[in-house]
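Raw contents of model37.txt, compact mmCIF, C-alpha atoms:
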# COMPACT_ATOMS: atom_id res chain seq x y z
CA MET A 232 -0.13 13.47 21.31
CA MET A 233 0.38 11.82 17.93
CA ILE A 234 -2.63 10.10 16.41
CA CYS A 235 -2.78 8.28 13.09
CA SER A 236 -5.55 7.18 10.77
CA ILE A 237 -4.63 3.90 9.13
CA ASP A 238 -5.68 2.76 5.68
CA THR A 239 -6.60 -0.94 5.54
CA CYS A 240 -3.97 -1.79 2.90
CA PHE A 241 -1.32 -0.12 4.99
CA LEU A 242 -2.23 -2.14 8.08
CA ILE A 243 -2.03 -5.36 6.06
CA ASP A 244 1.45 -4.40 4.82
CA TRP A 245 2.65 -3.67 8.33
CA SER A 246 1.38 -7.00 9.62
CA LYS A 247 4.12 -8.60 7.49
CA TYR A 248 6.93 -6.35 8.72
CA SER A 249 9.04 -7.55 11.64
CA GLY A 250 9.74 -3.96 12.73
CA ARG A 251 6.03 -3.18 12.98
CA ASP A 252 6.21 -2.11 16.63
CA LEU A 253 7.63 1.17 15.34
CA LEU A 254 4.05 2.36 14.81
CA LYS A 255 3.41 2.12 18.55
CA ARG A 256 6.57 4.08 19.30
CA LEU A 257 5.62 6.90 16.94
CA PHE A 258 1.90 7.19 17.66
CA ASP A 259 -0.23 7.13 20.78
CA TYR A 260 -3.08 5.42 18.99
CA GLY A 261 -4.53 4.87 15.54
CA PHE A 262 -8.03 5.06 14.10
CA VAL A 263 -9.42 2.50 11.69
CA VAL A 264 -12.91 2.01 10.34
CA ASP A 265 -14.81 -1.21 10.92
CA GLU A 266 -14.47 -2.25 7.23
CA VAL A 267 -10.88 -3.18 8.04
CA LEU A 268 -12.22 -6.25 9.82
CA GLU A 269 -13.98 -7.42 6.64
CA GLU A 270 -10.80 -7.19 4.57
CA VAL A 271 -8.67 -9.33 6.86
CA LYS A 272 -8.81 -13.11 6.67
CA SER A 273 -5.27 -14.46 6.89
CA GLU A 274 -3.95 -15.73 10.21
CA ASN A 275 -0.95 -13.41 10.34
CA THR A 276 -2.92 -10.23 9.69
CA LEU A 277 -5.73 -11.25 12.03
CA ALA A 278 -3.24 -11.90 14.82
CA TYR A 279 -1.64 -8.48 14.32
CA LEU A 280 -4.98 -6.69 14.18
CA SER A 281 -6.22 -8.56 17.21
CA SER A 282 -3.12 -7.67 19.24
CA LEU A 283 -3.38 -3.98 18.33
CA LEU A 284 -7.04 -3.93 19.31
CA ALA A 285 -6.33 -5.77 22.57
CA GLU A 286 -3.57 -3.32 23.50
CA GLY A 287 -5.89 -0.40 22.82
CA PHE A 288 -3.60 0.98 20.12
CA LEU A 289 -6.19 0.55 17.39
CA VAL A 290 -9.47 2.34 17.89
CA ILE A 291 -12.48 1.65 15.69
CA TYR A 292 -13.51 5.16 14.65
CA PRO A 293 -16.77 5.88 16.47
CA PHE A 294 -17.98 8.92 14.50
CA LYS A 295 -18.18 7.42 11.05
CA ARG A 296 -21.53 8.98 10.21
CA GLU A 297 -20.20 12.44 11.02
CA ILE A 298 -17.41 12.19 8.46
CA GLU A 299 -19.57 10.88 5.62
CA PRO A 300 -19.89 14.35 4.02
CA ILE A 301 -16.07 14.53 3.83
CA VAL A 302 -15.90 10.98 2.44
CA ARG A 303 -18.50 11.88 -0.18
CA ALA A 304 -16.62 15.05 -1.13
CA VAL A 305 -13.24 13.31 -1.52
CA VAL A 306 -14.73 10.40 -3.50
CA ASP A 307 -16.71 12.78 -5.77
CA THR A 308 -13.66 14.96 -6.34
CA SER A 309 -11.40 11.99 -7.06
CA ALA A 310 -13.94 10.53 -9.51
CA ARG A 311 -14.26 13.83 -11.41
CA ASP A 312 -10.58 14.74 -11.60
CA PRO A 313 -8.51 12.55 -13.96
CA ARG A 314 -5.34 13.55 -12.12
CA VAL A 315 -6.56 11.79 -8.98
CA ARG A 316 -7.12 8.05 -8.95
CA THR A 317 -10.67 7.39 -7.70
CA LEU A 318 -10.60 6.75 -3.98
CA ASP A 319 -12.19 3.61 -2.56
CA PRO A 320 -13.85 3.38 0.86
CA PRO A 321 -10.81 2.33 2.95
CA GLU A 322 -8.57 5.20 1.88
CA ALA A 323 -11.44 7.71 1.66
CA TYR A 324 -12.37 7.05 5.31
CA ALA A 325 -8.73 7.10 6.39
CA LEU A 326 -8.28 10.49 4.75
CA ALA A 327 -11.56 11.87 6.12
CA ILE A 328 -10.53 10.87 9.66
CA GLY A 329 -7.16 12.51 9.11
CA ILE A 330 -8.83 15.74 8.00
CA ARG A 331 -11.41 15.71 10.80
CA GLU A 332 -9.15 14.67 13.68
CA GLY A 333 -5.82 16.16 12.57
CA ALA A 334 -4.43 12.64 12.53
CA VAL A 335 -1.50 11.58 10.33
CA VAL A 336 -2.93 9.49 7.49
CA LEU A 337 -0.95 6.29 6.94
CA THR A 338 -1.40 5.06 3.40
CA GLU A 339 0.52 4.20 0.24
CA ASN A 340 -2.46 5.14 -1.92
CA ARG A 341 -1.55 7.38 -4.83
CA GLY A 342 -5.09 8.80 -5.03
CA VAL A 343 -4.79 10.10 -1.46
CA MET A 344 -1.35 11.57 -2.15
CA ASN A 345 -2.62 13.36 -5.26
CA ILE A 346 -5.85 14.74 -3.81
CA VAL A 347 -4.06 16.16 -0.77
CA ARG A 348 -1.44 17.72 -3.04
CA LEU A 349 -3.99 19.25 -5.43
CA TYR A 350 -6.87 20.30 -3.15
CA PRO A 351 -6.13 22.54 -0.13
CA GLU A 352 -9.61 21.86 1.28
CA PHE A 353 -8.56 18.23 1.81
CA SER A 354 -5.37 19.14 3.58
CA ALA A 355 -3.90 16.41 5.78
CA THR A 356 -0.50 15.04 6.72
CA VAL A 357 0.06 11.82 4.79
CA TRP A 358 2.87 9.41 5.59
CA ARG A 359 3.81 6.35 3.61
CA SER A 360 5.96 3.56 5.00
CA TYR A 361 9.01 5.51 3.77
CA GLU A 362 8.16 8.58 5.85
CA ILE A 363 7.44 6.42 8.91
CA LEU A 364 10.75 4.62 8.64
CA ARG A 365 12.53 7.93 8.13
CA ARG A 366 10.83 9.38 11.21
CA GLY A 367 11.85 6.27 13.14
CA TYR A 368 15.42 6.83 12.02
CA GLU A 369 15.33 10.54 12.98
CA LEU A 370 14.16 9.58 16.47
CA THR A 371 16.92 6.90 16.64
CA PHE A 372 14.46 3.99 16.84
CA ILE A 373 16.17 2.76 13.66
CA SER A 374 19.95 2.67 13.50
CA ASN A 375 20.54 2.04 9.80
CA PHE A 376 17.94 3.61 7.53
CA GLU A 377 19.07 1.98 4.26
CA GLU A 378 19.19 -1.47 5.83
CA GLU A 379 15.73 -0.98 7.29
CA LEU A 380 14.32 0.06 3.90
CA ARG A 381 15.75 -3.14 2.36
CA ARG A 382 14.26 -5.23 5.19
CA TYR A 383 10.86 -3.60 4.71
CA GLU A 384 11.06 -4.26 0.96
CA ARG A 385 11.90 -7.93 1.52
CA GLU A 386 9.24 -8.58 4.09
CA THR A 387 6.34 -6.73 2.49
CA GLY A 388 7.03 -6.96 -1.24
CA HIS A 389 7.62 -3.22 -1.61
CA ARG A 390 10.11 -1.38 -3.79
CA PHE A 391 11.41 2.04 -2.76
CA GLN A 392 12.52 3.73 -5.94
CA LYS A 393 14.05 7.14 -6.46
CA ALA A 394 11.73 9.25 -8.61
CA ILE A 395 13.01 10.77 -11.83
CA GLY A 396 13.84 14.48 -11.76
CA ARG A 397 13.68 15.11 -8.02
CA MET B 300 -0.19 16.77 -14.11
CA GLU B 301 2.94 15.71 -16.07
CA HIS B 302 4.74 14.90 -12.84
CA ILE B 303 1.87 12.63 -11.74
CA LYS B 304 1.78 10.88 -15.14
CA THR B 305 5.54 10.32 -15.10
CA ASP B 306 5.45 8.86 -11.60
CA GLU B 307 2.58 6.51 -12.46
CA ALA B 308 4.31 5.36 -15.66
CA MET B 309 7.51 4.66 -13.74
CA GLU B 310 5.67 2.65 -11.10
CA ARG B 311 3.84 0.66 -13.79
CA GLU B 312 7.05 -0.13 -15.63
CA ILE B 313 8.68 -1.52 -12.47
CA ARG B 314 5.64 -3.67 -11.70
CA ARG B 315 5.59 -5.01 -15.27
CA ARG B 316 9.31 -5.73 -15.28
CA GLU B 317 9.51 -7.50 -11.94
CA ALA B 318 6.30 -9.54 -12.14
CA ASP B 319 6.56 -13.32 -12.42
CA TRP B 320 4.64 -13.63 -15.68
CA SER B 321 4.84 -17.41 -15.88
CA PHE B 322 3.16 -17.62 -12.44
CA ILE B 323 0.57 -15.01 -13.42
CA ASN B 324 -0.22 -16.76 -16.70
CA SER B 325 -0.71 -20.07 -14.89
CA LEU B 326 -3.56 -18.66 -12.76
CA PRO B 327 -7.30 -18.90 -13.39
CA LEU B 328 -8.76 -16.03 -15.42
CA LYS B 329 -10.21 -14.09 -12.48
CA LEU B 330 -6.96 -14.01 -10.50
CA ARG B 331 -4.85 -13.37 -13.60
CA THR B 332 -7.06 -10.44 -14.64
CA ALA B 333 -6.89 -8.95 -11.16
CA LEU B 334 -3.09 -9.14 -11.05
CA ILE B 335 -2.76 -7.60 -14.50
CA PHE B 336 -5.13 -4.83 -13.41
CA TYR B 337 -2.90 -4.24 -10.38
CA ILE B 338 0.22 -4.13 -12.56
CA GLU B 339 -1.36 -1.55 -14.86
CA VAL B 340 -3.20 0.59 -12.31
CA GLY B 341 -1.53 -0.04 -8.94
CA ASP B 342 -4.83 -0.13 -7.05
CA GLU B 343 -4.99 -3.13 -4.74
CA TYR B 344 -8.51 -2.52 -3.39
CA LYS B 345 -10.13 -2.67 -6.84
CA ALA B 346 -7.84 -5.56 -7.82
CA ALA B 347 -8.91 -7.54 -4.73
CA LYS B 348 -12.56 -6.96 -5.63
CA LEU B 349 -11.90 -8.14 -9.19
CA ALA B 350 -10.22 -11.27 -7.83
CA GLY B 351 -13.04 -11.94 -5.38
CA LEU B 352 -10.53 -11.92 -2.51
CA SER B 353 -10.18 -10.00 0.71
CA LEU B 354 -7.45 -7.37 0.66
CA ASP B 355 -5.00 -9.45 2.67
CA GLU B 356 -5.61 -12.52 0.49
CA PHE B 357 -4.92 -10.38 -2.57
CA GLU B 358 -1.74 -9.04 -0.97
CA GLU B 359 -0.50 -12.63 -0.47
CA LEU B 360 -1.20 -13.31 -4.14
CA ARG B 361 0.58 -10.12 -5.23
CA ILE B 362 3.69 -11.11 -3.29
CA ARG B 363 3.61 -14.65 -4.72
CA ALA B 364 3.43 -13.07 -8.19
CA LYS B 365 6.50 -10.95 -7.29
CA ILE B 366 4.71 -7.72 -8.16
CA PRO B 367 6.25 -4.98 -6.02
CA LYS B 368 4.28 -2.20 -4.41
CA VAL B 369 6.33 0.69 -5.74
CA ILE B 370 6.95 3.74 -3.54
CA LEU B 371 8.67 6.63 -5.28
CA VAL B 372 10.86 8.69 -3.02
CA GLY B 373 12.45 12.08 -3.58
Please, can you express the file's structure as structure tokens?
Amino acid sequence: MMICSIDTCFLIDWSKYSGRDLLKRLFDYGFVVDEVLEEVKSENTLAYLSSLLAEGFLVIYPFKREIEPIVRAVVDTSARDPRVRTLDPPEAYALAIGIREGAVVLTENRGVMNIVRLYPEFSATVWRSYEILRRGYELTFISNFEEELRRYERETGHRFQKAIGR
Amino acid sequence: MEHIKTDEAMEREIRRREADWSFINSLPLKLRTALIFYIEVGDEYKAAKLAGLSLDEFEELRIRAKIPKVILVG
């Protein structure tokens, strides 16, 4: 069973993407924290969130208090280490759920990427939209990977850029 | 550490280059400051708080300002 933990910003991005049903093909369900509801006001995003909740795909994480020590640890670490951008509540909770539940963390947040890379105690699988689209392509849910990347860029205001020296 | 700095600088440069500066400069101070913060730092949660907007409202503004969310891939 594949479970994901979804950062609020990520969910907002995917509400704009016409291929957003891919998430439901790759994962059985996804955890979010209740703060996500406070950060959503536009009609489009609310409709998407509402449909995912109604279908039972999105689950409001019920053990939030239990993961607060992890949230505190990742926020403290990120605030102390200049290599890691300080994590804010949405991504800190998404990461903590990923660590606790073994869920794939869906986020574009650089702070999360850096802390997972630098601190083995915060080990978790982190996928950005790029990794999700690539996984969709590998499983043949997407026929043309490059075209899909361009579509995602257009619809969500993203830019996939090849990094220097890799 | 160098690798992280290089990646962040590259992302920032793309955001600066592609932003619609005439749109950004036409906005009220609070929104303009938040967008410039996003261009420089790439952190939409803090930028949304600066703007006094919800995250999805800020995302709409970011897209209108043509500031891309840059994802570096290997």
message: For a test of reading the model, state the distance in Å between CA of Arg348 in chain A and CA of Glu322 in chain A, rounded to one decimal.
response: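 Separation between CA of Arg348 in chain A and CA of Glu322 in chain A: 15.2 Å.
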message: Residues of chain A within 10 Å of chain B, counting all atoms listed in the file - could you list those as a PyMOL selection string?
response: chain A and resi 239-240+242-244+246+267+269-277+313-322+339-342+345+349+359-362+384-397
query: To one decimal place, how far is CA of Ile291 in chain A from CA of Ala327 in chain A in Å?
result: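 Result for CA of Ile291 in chain A versus CA of Ala327 in chain A: 14.0 Å, one decimal.
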message: One number please: CA of Leu268 in chain A to CA of Ile237 in chain A, in Å, one decimal.
response: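 Atom-to-atom, CA of Leu268 in chain A and CA of Ile237 in chain A are spaced 12.7 Å apart.
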Write out as lines of an AutoDock Vina configuration file an axis-aligned box for range 304-310 of chain B: all of its atoms listed in the file, 4 Å added on each side, centre and edge lengths in Å with one decimal.
center_x = 4.6
center_y = 6.8
center_z = -13.4
size_x = 13.7
size_y = 16.2
size_z = 12.6
query: Which of these, A:Phe376, A:Tyr324, A:Tyr260, A:Tyr350, has the shortest distance to Ser309 in chain A once you count only C-alpha atoms?
result: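 Checking each of A:Phe376, A:Tyr324, A:Tyr260, A:Tyr350 against Ser309 in chain A, counting only C-alpha atoms, the winner is A:Tyr350.
Residues in contact range of Pro293 in chain A, defined as at most 12 Å between all atoms listed in the file, with sequence neighbours fewer than 2 positions away removed, read Phe262, Val263, Val264, Asp265, Leu289, Val290, Ile291, Lys295, Arg296, Glu297, Ile298, Ile328 and Glu332 of chain A.
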field: Distance query Glu378 in chain A at most 12 Å, only C-alpha atoms, self and fewer than 4 positions along chain excluded, as a PyMOL selection string
entry: chain A and resi 250+364-365+368+373-374+382-385
Write the residues of the selection above to a file with C-alpha atoms, as a PDB file, keeping the file's coordinate frame.
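What landed in part_22.pdb:
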ATOM      1  CA  GLY A 250       9.740  -3.960  12.730  1.00  0.00           C
ATOM      2  CA  LEU A 364      10.750   4.620   8.640  1.00  0.00           C
ATOM      3  CA  ARG A 365      12.530   7.930   8.130  1.00  0.00           C
ATOM      4  CA  TYR A 368      15.420   6.830  12.020  1.00  0.00           C
ATOM      5  CA  ILE A 373      16.170   2.760  13.660  1.00  0.00           C
ATOM      6  CA  SER A 374      19.950   2.670  13.500  1.00  0.00           C
ATOM      7  CA  ARG A 382      14.260  -5.230   5.190  1.00  0.00           C
ATOM      8  CA  TYR A 383      10.860  -3.600   4.710  1.00  0.00           C
ATOM      9  CA  GLU A 384      11.060  -4.260   0.960  1.00  0.00           C
ATOM     10  CA  ARG A 385      11.900  -7.930   1.520  1.00  0.00           C
TER      11      ARG A 385
END
Starting from the structure just given, write a file holding range 351-383 of chain A with N, CA, C and O atoms, as a PDB file, in the first residue's frame.
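The resulting file, decode19.pdb, is shown below:
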ATOM      1  N   PRO A 351      20.271  11.961   8.879  1.00  0.00           N
ATOM      2  CA  PRO A 351      19.724  10.600   8.754  1.00  0.00           C
ATOM      3  C   PRO A 351      18.571  10.330   9.719  1.00  0.00           C
ATOM      4  O   PRO A 351      17.701   9.511   9.433  1.00  0.00           O
ATOM      5  N   GLU A 352      18.552  11.015  10.858  1.00  0.00           N
ATOM      6  CA  GLU A 352      17.473  10.773  11.830  1.00  0.00           C
ATOM      7  C   GLU A 352      16.121  11.276  11.324  1.00  0.00           C
ATOM      8  O   GLU A 352      15.074  10.928  11.861  1.00  0.00           O
ATOM      9  N   PHE A 353      16.135  12.110  10.287  1.00  0.00           N
ATOM     10  CA  PHE A 353      14.886  12.590   9.698  1.00  0.00           C
ATOM     11  C   PHE A 353      14.673  11.950   8.321  1.00  0.00           C
ATOM     12  O   PHE A 353      14.170  12.582   7.389  1.00  0.00           O
ATOM     13  N   SER A 354      15.077  10.721   8.219  1.00  0.00           N
ATOM     14  CA  SER A 354      15.009  10.037   6.933  1.00  0.00           C
ATOM     15  C   SER A 354      13.558   9.821   6.480  1.00  0.00           C
ATOM     16  O   SER A 354      12.711   9.363   7.258  1.00  0.00           O
ATOM     17  N   ALA A 355      13.293  10.187   5.240  1.00  0.00           N
ATOM     18  CA  ALA A 355      11.962   9.963   4.655  1.00  0.00           C
ATOM     19  C   ALA A 355      12.112  10.015   3.141  1.00  0.00           C
ATOM     20  O   ALA A 355      13.060  10.600   2.619  1.00  0.00           O
ATOM     21  N   THR A 356      11.176   9.381   2.451  1.00  0.00           N
ATOM     22  CA  THR A 356      11.160   9.482   0.987  1.00  0.00           C
ATOM     23  C   THR A 356      10.414  10.757   0.617  1.00  0.00           C
ATOM     24  O   THR A 356       9.273  10.950   1.044  1.00  0.00           O
ATOM     25  N   VAL A 357      11.070  11.623  -0.135  1.00  0.00           N
ATOM     26  CA  VAL A 357      10.455  12.894  -0.530  1.00  0.00           C
ATOM     27  C   VAL A 357      10.337  12.923  -2.050  1.00  0.00           C
ATOM     28  O   VAL A 357      11.321  12.715  -2.755  1.00  0.00           O
ATOM     29  N   TRP A 358       9.133  13.158  -2.524  1.00  0.00           N
ATOM     30  CA  TRP A 358       8.910  13.318  -3.963  1.00  0.00           C
ATOM     31  C   TRP A 358       8.395  14.716  -4.238  1.00  0.00           C
ATOM     32  O   TRP A 358       7.504  15.215  -3.539  1.00  0.00           O
ATOM     33  N   ARG A 359       8.966  15.321  -5.280  1.00  0.00           N
ATOM     34  CA  ARG A 359       8.433  16.580  -5.791  1.00  0.00           C
ATOM     35  C   ARG A 359       7.523  16.242  -6.972  1.00  0.00           C
ATOM     36  O   ARG A 359       7.387  15.078  -7.347  1.00  0.00           O
ATOM     37  N   SER A 360       6.933  17.246  -7.570  1.00  0.00           N
ATOM     38  CA  SER A 360       6.073  16.977  -8.725  1.00  0.00           C
ATOM     39  C   SER A 360       6.856  16.234  -9.810  1.00  0.00           C
ATOM     40  O   SER A 360       6.309  15.351 -10.477  1.00  0.00           O
ATOM     41  N   TYR A 361       8.134  16.570  -9.958  1.00  0.00           N
ATOM     42  CA  TYR A 361       8.954  15.924 -10.993  1.00  0.00           C
ATOM     43  C   TYR A 361       9.022  14.412 -10.766  1.00  0.00           C
ATOM     44  O   TYR A 361       8.833  13.629 -11.707  1.00  0.00           O
ATOM     45  N   GLU A 362       9.281  14.009  -9.534  1.00  0.00           N
ATOM     46  CA  GLU A 362       9.389  12.567  -9.246  1.00  0.00           C
ATOM     47  C   GLU A 362       8.031  11.874  -9.420  1.00  0.00           C
ATOM     48  O   GLU A 362       7.965  10.717  -9.853  1.00  0.00           O
ATOM     49  N   ILE A 363       6.954  12.566  -9.103  1.00  0.00           N
ATOM     50  CA  ILE A 363       5.621  11.962  -9.268  1.00  0.00           C
ATOM     51  C   ILE A 363       5.315  11.756 -10.745  1.00  0.00           C
ATOM     52  O   ILE A 363       4.841  10.687 -11.157  1.00  0.00           O
ATOM     53  N   LEU A 364       5.614  12.783 -11.539  1.00  0.00           N
ATOM     54  CA  LEU A 364       5.354  12.657 -12.980  1.00  0.00           C
ATOM     55  C   LEU A 364       6.236  11.557 -13.584  1.00  0.00           C
ATOM     56  O   LEU A 364       5.788  10.777 -14.427  1.00  0.00           O
ATOM     57  N   ARG A 365       7.469  11.484 -13.108  1.00  0.00           N
ATOM     58  CA  ARG A 365       8.367  10.443 -13.627  1.00  0.00           C
ATOM     59  C   ARG A 365       7.860   9.059 -13.252  1.00  0.00           C
ATOM     60  O   ARG A 365       7.884   8.131 -14.065  1.00  0.00           O
ATOM     61  N   ARG A 366       7.366   8.921 -12.020  1.00  0.00           N
ATOM     62  CA  ARG A 366       6.811   7.632 -11.584  1.00  0.00           C
ATOM     63  C   ARG A 366       5.578   7.284 -12.427  1.00  0.00           C
ATOM     64  O   ARG A 366       5.381   6.133 -12.814  1.00  0.00           O
ATOM     65  N   GLY A 367       4.763   8.299 -12.698  1.00  0.00           N
ATOM     66  CA  GLY A 367       3.589   8.095 -13.548  1.00  0.00           C
ATOM     67  C   GLY A 367       3.979   7.628 -14.938  1.00  0.00           C
ATOM     68  O   GLY A 367       3.321   6.770 -15.532  1.00  0.00           O
ATOM     69  N   TYR A 368       5.066   8.171 -15.432  1.00  0.00           N
ATOM     70  CA  TYR A 368       5.573   7.772 -16.753  1.00  0.00           C
ATOM     71  C   TYR A 368       6.091   6.326 -16.714  1.00  0.00           C
ATOM     72  O   TYR A 368       5.797   5.520 -17.599  1.00  0.00           O
ATOM     73  N   GLU A 369       6.849   5.997 -15.647  1.00  0.00           N
ATOM     74  CA  GLU A 369       7.406   4.638 -15.516  1.00  0.00           C
ATOM     75  C   GLU A 369       6.282   3.589 -15.464  1.00  0.00           C
ATOM     76  O   GLU A 369       6.436   2.480 -15.957  1.00  0.00           O
ATOM     77  N   LEU A 370       5.171   3.973 -14.864  1.00  0.00           N
ATOM     78  CA  LEU A 370       4.047   3.028 -14.743  1.00  0.00           C
ATOM     79  C   LEU A 370       3.079   3.151 -15.925  1.00  0.00           C
ATOM     80  O   LEU A 370       1.970   2.603 -15.872  1.00  0.00           O
ATOM     81  N   THR A 371       3.495   3.893 -16.945  1.00  0.00           N
ATOM     82  CA  THR A 371       2.746   4.103 -18.203  1.00  0.00           C
ATOM     83  C   THR A 371       1.412   4.835 -18.016  1.00  0.00           C
ATOM     84  O   THR A 371       0.539   4.762 -18.874  1.00  0.00           O
ATOM     85  N   PHE A 372       1.250   5.549 -16.922  1.00  0.00           N
ATOM     86  CA  PHE A 372       0.069   6.412 -16.783  1.00  0.00           C
ATOM     87  C   PHE A 372       0.251   7.689 -17.597  1.00  0.00           C
ATOM     88  O   PHE A 372      -0.705   8.403 -17.884  1.00  0.00           O
ATOM     89  N   ILE A 373       1.506   7.979 -17.935  1.00  0.00           N
ATOM     90  CA  ILE A 373       1.843   9.147 -18.754  1.00  0.00           C
ATOM     91  C   ILE A 373       2.581   8.630 -19.980  1.00  0.00           C
ATOM     92  O   ILE A 373       3.524   7.849 -19.849  1.00  0.00           O
ATOM     93  N   SER A 374       2.148   9.073 -21.160  1.00  0.00           N
ATOM     94  CA  SER A 374       2.773   8.519 -22.371  1.00  0.00           C
ATOM     95  C   SER A 374       3.991   9.330 -22.817  1.00  0.00           C
ATOM     96  O   SER A 374       4.962   8.766 -23.310  1.00  0.00           O
ATOM     97  N   ASN A 375       3.933  10.648 -22.654  1.00  0.00           N
ATOM     98  CA  ASN A 375       5.060  11.471 -23.093  1.00  0.00           C
ATOM     99  C   ASN A 375       5.520  12.343 -21.924  1.00  0.00           C
ATOM    100  O   ASN A 375       4.864  13.319 -21.565  1.00  0.00           O
ATOM    101  N   PHE A 376       6.637  11.949 -21.339  1.00  0.00           N
ATOM    102  CA  PHE A 376       7.112  12.595 -20.112  1.00  0.00           C
ATOM    103  C   PHE A 376       7.416  14.079 -20.331  1.00  0.00           C
ATOM    104  O   PHE A 376       6.982  14.939 -19.557  1.00  0.00           O
ATOM    105  N   GLU A 377       8.161  14.386 -21.398  1.00  0.00           N
ATOM    106  CA  GLU A 377       8.549  15.789 -21.655  1.00  0.00           C
ATOM    107  C   GLU A 377       7.321  16.669 -21.863  1.00  0.00           C
ATOM    108  O   GLU A 377       7.253  17.778 -21.342  1.00  0.00           O
ATOM    109  N   GLU A 378       6.372  16.159 -22.625  1.00  0.00           N
ATOM    110  CA  GLU A 378       5.143  16.931 -22.869  1.00  0.00           C
ATOM    111  C   GLU A 378       4.386  17.184 -21.565  1.00  0.00           C
ATOM    112  O   GLU A 378       3.823  18.256 -21.346  1.00  0.00           O
ATOM    113  N   GLU A 379       4.373  16.158 -20.709  1.00  0.00           N
ATOM    114  CA  GLU A 379       3.650  16.290 -19.444  1.00  0.00           C
ATOM    115  C   GLU A 379       4.330  17.311 -18.527  1.00  0.00           C
ATOM    116  O   GLU A 379       3.654  18.070 -17.828  1.00  0.00           O
ATOM    117  N   LEU A 380       5.677  17.316 -18.546  1.00  0.00           N
ATOM    118  CA  LEU A 380       6.398  18.322 -17.752  1.00  0.00           C
ATOM    119  C   LEU A 380       6.027  19.727 -18.214  1.00  0.00           C
ATOM    120  O   LEU A 380       5.788  20.617 -17.402  1.00  0.00           O
ATOM    121  N   ARG A 381       5.969  19.921 -19.546  1.00  0.00           N
ATOM    122  CA  ARG A 381       5.627  21.253 -20.090  1.00  0.00           C
ATOM    123  C   ARG A 381       4.196  21.621 -19.691  1.00  0.00           C
ATOM    124  O   ARG A 381       3.902  22.763 -19.361  1.00  0.00           O
ATOM    125  N   ARG A 382       3.284  20.652 -19.739  1.00  0.00           N
ATOM    126  CA  ARG A 382       1.894  20.928 -19.359  1.00  0.00           C
ATOM    127  C   ARG A 382       1.821  21.340 -17.879  1.00  0.00           C
ATOM    128  O   ARG A 382       1.139  22.291 -17.513  1.00  0.00           O
ATOM    129  N   TYR A 383       2.548  20.595 -17.046  1.00  0.00           N
ATOM    130  CA  TYR A 383       2.549  20.907 -15.613  1.00  0.00           C
ATOM    131  C   TYR A 383       3.099  22.317 -15.378  1.00  0.00           C
ATOM    132  O   TYR A 383       2.558  23.086 -14.581  1.00  0.00           O
TER     133      TYR A 383
END
